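First comes the structure, then the notes that go with it.
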Amino acid sequence: MEAVELVKNFEEAGHGWFWSTDAEGQITYISEQLARAIGRTRGSLLGSRFAELFEQADDDLTGRRALPFILARQSSFDKVTVKASQAMDERFWAVAGTPQHGNDGAFSGYRGVAVDVTEQRRSSEHASQLARYDSLTGLPNRRGMAEVLDRNLVGIAHHRRACAVMLIDLDRFKQVNDTLGHPAGDALLKQVAERLCRIAGDSERVFRLGGDEFQVIVAGSDDRGDIGELASQIIASLSQPYSIEGSRCIIGASVGIAIAPADGEARSELIRNADLALYASKDGGRGRFHFFSSELLEAAEERRALEEDLRDAIARGEMSLWYQPIVDARSNHITGVEALLRWQHKVRGAISPAIFIPIAEEAGLIPQIGEWVLRQACHDAVTWPGKLRVAVNISPLQFANDALPATVVSALATSGLTPDRLELEITEGVFLAASASTDTAFEALKEIGVRLALDDFGTGYSSLGYLRTAPFDKIKIDQTFVREATLPGSKNGAIIAAIVALAEALGMETTAEGIEYMDQLALIRRLRVSHVQGWVYSKALPSAELCGRLERGELTLTPAGPAKQRSDRQAVYRAVGVIQDGRYSSAILRNLSDTGALIEGGPSLAPGSLVILDFGDGQLTYAHVSRVRARQIGVSFAQPLVPDGGGGLCTSRRVSPYLLASLALPSPGSGDADLGGDEPLGMEALAQKLGLTLTPRPATQGTLMNLRWSHAGQAEGGATTVADVAARYLESMSGDVETREAASRDLRDHILPHFGQLRLDQVSRSDVIAWLTAKSEAEAGEPGTDMRLNALMNQMWNLAAKLELPGSEANPLEGSLRFDRRGVEEAVLTQQEAERLLRAAGASGNRQLKFILALLMLTGARPRELLTARWESLDLEAGMWRIATGGGTAHDLRLSPAAITLLGALPRWEDCPYLIPNPVTRRPYGSVAGSWEAVKAQLQGHALELDDLRFCDLGAEAWETSLLARVLDEGACGALGRDSGAEATIEARRAEAVCS
């Protein structure tokens, strides 16, 4: 009796319940508490099958089979987590059961108990969520990444599917934290996460590893062209401005990519290689991506070896100082020298400072090496005749050391050098952590009597406020401003002039570094720079050689060097392909720069010829022949090459290897060949297939021409950004190459840099009007640009409204939101202009053009929608046309009576599903741009695009009747391909239209 009470108390407490079944699995006893928990009565549950009442939890970690299988085994079990098959409140129980047997040993059913584990389960799920997801951004963290990547790598092993890992590191993020504070940094990281999810299309593919480091996993793809394009989109998106608490922030991103299985099949190996690629992209200048290669791993191993050797280089006497003269720009007289560190390795020979200085910085060796340089420079300078100053670089780490003034005093005292002959060059980086100790250090150094120079001015900390208080004697203009200052279109000269004016106002000298060409020297002199340093006067010299020249009185130097600057060229010798007029020819590349190349051999070409150069490995680009001399051909690239991160150059984009294979394009060095077989492939057709363009892309990373669309890609609050709609708009135009390319250029060059990251509901009419007005008033603006951009943005908003995207409710360009066509006062064409247009179309060589233009006017459809329309999408009786849009969606367009009449008059060819096909091929037109341009010329300068015709409905039945009668009267049967049935149909429709 006491046992019964204990069972009853257990059930009433709600901690669990008891159950039993017969041999058939039907319930013979169940606790009332369980029945209430699942919204049933105990009586209704008796006789039910126990296995059907419950189902095993989806993520039961026991690894056991489903509950019916367990019961069928007729053996004991415990801790099987189940939930009710049908219940409003999801609860979980851990069920245990023991088989029962009769006196004869036959199985008679189960008896068991179940314990409520709902709270434990929820607590476990919460802990798992915290363990796998980043609390700030909501993205999976490093642990979540490891689980996802391991699953993908298992798939690689079993199914040979590829998987790419993209490591993303934010550039200049630390500056945001330092200047705006950590809360602003956190807000920025959230926006970065949103942009990455929008591009990747799935938040479970994006991970935050910690700090400002993110990762994206791309499963199922090893196409370096596609992956590289995605990386470019990520860099472009993350580099656009952010709005943080009213402040405008701009950061950048660098990406390293490793692809399994080629770059590793284990998680640790793949991440290590992606990290090496990321290091290469940052080392190559940041703001770019880099694929892993075996050379990077070899370089990392060599780097570790160099670090070990560098630690003992000073002790072994391998370090030395060389000195480059600093010359008065007016008198050519040497006024000082700069100490430059050199390393002569005992085995490897001379090692460039560009290699070992970054290694020393990472290894923490800069303070030790810097002090040695300071003392050695003072020691060498004392031995020179005269009173030349010696300049020594001081790193931010050295400057932050409170012992620096004492070290300078010690170096001067030990060597005997007077303080006025020592100049310390300090970079702007010391001001990032400016504090009272910074001012104290400056005061202490000036009290010693040494000179101070601000090095690499304009390349680091952007504030000029420190110039008011920091006691500098000189500003050194970094060679990045000098470089390309004399090249056409460069603005570097204006920057240098501004720096000189600033220095003169503050009573400071100026030195321009890196002068190598005579035209650079002439420019520097015209801009009143006081001192010059560079190869145009002298390379760096060992101390003994410098001392010898000074002893001989050689204090005046004569400048010498190339007359004019040109882009850096690399001497190379490798095979390339030259494509022209459907012919692929092999040639030899002899030298290369970012803007052009010299090739030998190949086809006979005349200056001005346009060719496509194939460098191999999917790297193709347009080039113009600039000069021809015997067998040597000089070419200039339509799009400049970019650094590849390894000291070489490459095209900004690569063509997919699958696309190259489909075109049967030869590889460089494989010999000459005709392209296209029996039907030669012309330059334009080949370039279109390869995705090449003659229009150079801007230097900014702002292109979103191929930005992937995702419904998950919405900004905070559910709204959609202008960049999102732009991507969707371009997708809706797939197939119409000319129109899509023109829209892509306008989006890239005009709209996206200004509005790209704004939500639709953040774009106001006044903002757009002011922006368009500025475009129209710009002196360099192309006539009609403002009208074209207005039409493009209006089309984007109309598409967003059709798809009911969040934020599209208020169109800033017009009041109508749902493709309502314009009234008479807003029409882009008058009735007379439209009739002239149709007459010209009827006389054109394209027999279908007149009907295409008329239907665009009558239906308001887009050109691509009409050209690819099928009969099956029309319901003429209901007067409806169902138009497919991008992303698998569609919208219904109601047809006017005139549109129904004209559509009904069109003939239907057998086995041809299209409304208006090419009469010869019975396939849709790829484009009618050429015919349209010829017809548009009849309007004598009217700024009208084909897509604008959908706004030409003047809202009058008489106008539509007139248009229809004109189209059907003027040779309609002949244009459509006359047969008796078509002619009769047309006559009937024409009569119906005229009568109406």
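Ordering of the structure tokens sets the chain letters (A, B, ...), residue numbers begin anew at 1 in every chain, and ligands are numbered from 1 in the order given.
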Identify, on the basis of only C-alpha atoms, every residue whose closest approach to Ser808 (chain A) does not exceed 7 Å; exclude the query and any residue fewer than 3 positions from it along the same chain; express the result as an mmCIF file with N, CA, C and O atoms, in the first residue's frame.
```cif
data_model
loop_
_atom_site.group_PDB
_atom_site.id
_atom_site.type_symbol
_atom_site.label_atom_id
_atom_site.label_comp_id
_atom_site.auth_asym_id
_atom_site.auth_seq_id
_atom_site.Cartn_x
_atom_site.Cartn_y
_atom_site.Cartn_z
ATOM 1 N N LEU A 760 16.169 51.069 -48.726
ATOM 2 C CA LEU A 760 15.257 51.764 -49.629
ATOM 3 C C LEU A 760 14.498 52.868 -48.905
ATOM 4 O O LEU A 760 14.283 53.951 -49.454
ATOM 5 N N ASP A 761 14.110 52.596 -47.667
ATOM 6 C CA ASP A 761 13.322 53.595 -46.947
ATOM 7 C C ASP A 761 14.177 54.753 -46.428
ATOM 8 O O ASP A 761 13.662 55.680 -45.814
ATOM 9 N N TRP A 797 13.171 50.751 -58.525
ATOM 10 C CA TRP A 797 12.138 50.865 -57.490
ATOM 11 C C TRP A 797 10.844 50.172 -57.923
ATOM 12 O O TRP A 797 10.155 49.576 -57.119
ATOM 13 N N ALA A 800 11.329 46.556 -57.263
ATOM 14 C CA ALA A 800 11.226 46.287 -55.829
ATOM 15 C C ALA A 800 9.764 46.306 -55.377
ATOM 16 O O ALA A 800 9.335 45.490 -54.554
ATOM 17 N N ALA A 801 8.995 47.251 -55.923
ATOM 18 C CA ALA A 801 7.583 47.334 -55.557
ATOM 19 C C ALA A 801 6.811 46.130 -56.072
ATOM 20 O O ALA A 801 5.941 45.584 -55.382
ATOM 21 N N GLU A 804 7.376 43.395 -53.914
ATOM 22 C CA GLU A 804 6.955 43.722 -52.551
ATOM 23 C C GLU A 804 8.104 43.581 -51.564
ATOM 24 O O GLU A 804 7.962 43.013 -50.488
ATOM 25 N N LEU A 805 9.266 44.090 -51.965
ATOM 26 C CA LEU A 805 10.429 44.044 -51.098
ATOM 27 C C LEU A 805 10.282 45.077 -49.987
ATOM 28 O O LEU A 805 9.763 46.182 -50.219
ATOM 29 N N ASN A 811 8.391 55.299 -53.432
ATOM 30 C CA ASN A 811 9.319 55.482 -54.538
ATOM 31 C C ASN A 811 9.746 56.953 -54.589
ATOM 32 O O ASN A 811 8.909 57.832 -54.797
#
```
query: Among region 228-440 of chain A, which residues carry a DSSP assignment of alpha helix (DSSP H), reported as an MDAnalysis selection string?
result: chainID A and resid 228:238 267:283 294:311 353:363 366:382 396:400 404:415 436:440
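Residues in contact with Glu504 (chain A) at 12 Å, where only C-alpha atoms are counted and same-chain residues fewer than 4 positions away are skipped, are listed as Asp473, Lys474, Ile475, Ala497, Ala498, Ile499, Val500, Met508, Glu509, Thr510, Leu527, Arg528, Val529 and Ser530 of chain A.
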Just the selected residues (C-alpha atoms), exported as a compact mmCIF listing (two decimals), in the first residue's frame, please.
```
# COMPACT_ATOMS: atom_id res chain seq x y z
CA ASP A 473 62.04 70.62 -38.30
CA LYS A 474 61.24 68.80 -41.53
CA ILE A 475 58.42 66.96 -43.33
CA ALA A 497 52.06 71.23 -53.52
CA ALA A 498 49.66 71.24 -50.57
CA ILE A 499 52.25 69.57 -48.32
CA VAL A 500 54.91 72.12 -49.31
CA MET A 508 59.61 73.48 -41.84
CA GLU A 509 61.85 72.04 -44.54
CA THR A 510 60.61 69.39 -46.98
CA LEU A 527 56.66 72.72 -56.47
CA ARG A 528 59.39 74.30 -54.24
CA VAL A 529 60.36 71.15 -52.34
CA SER A 530 63.55 72.09 -50.51
```
task: Once DSSP has gone over the backbone, tell me which residues of region 518-595 of chain A are in strand (DSSP E), as a list in words.
output: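 Listing strand (DSSP E) positions across region 518-595 of chain A yields His531, Val532, Leu541, Pro542, Gln570, Ala571, Val572, Tyr573, Arg574, Ala575, Val576, Gly577, Val578, Ile579, Gln580, Arg583, Tyr584, Ser585, Ser586, Ala587, Ile588, Leu589, Arg590, Asn591 and Leu592 of chain A.
Proximity to Gly256 (chain A) was assessed for A:Asp169, A:Asp519, A:Glu301, A:Glu371 counting only C-alpha atoms; the smallest distance is recorded for A:Asp169.
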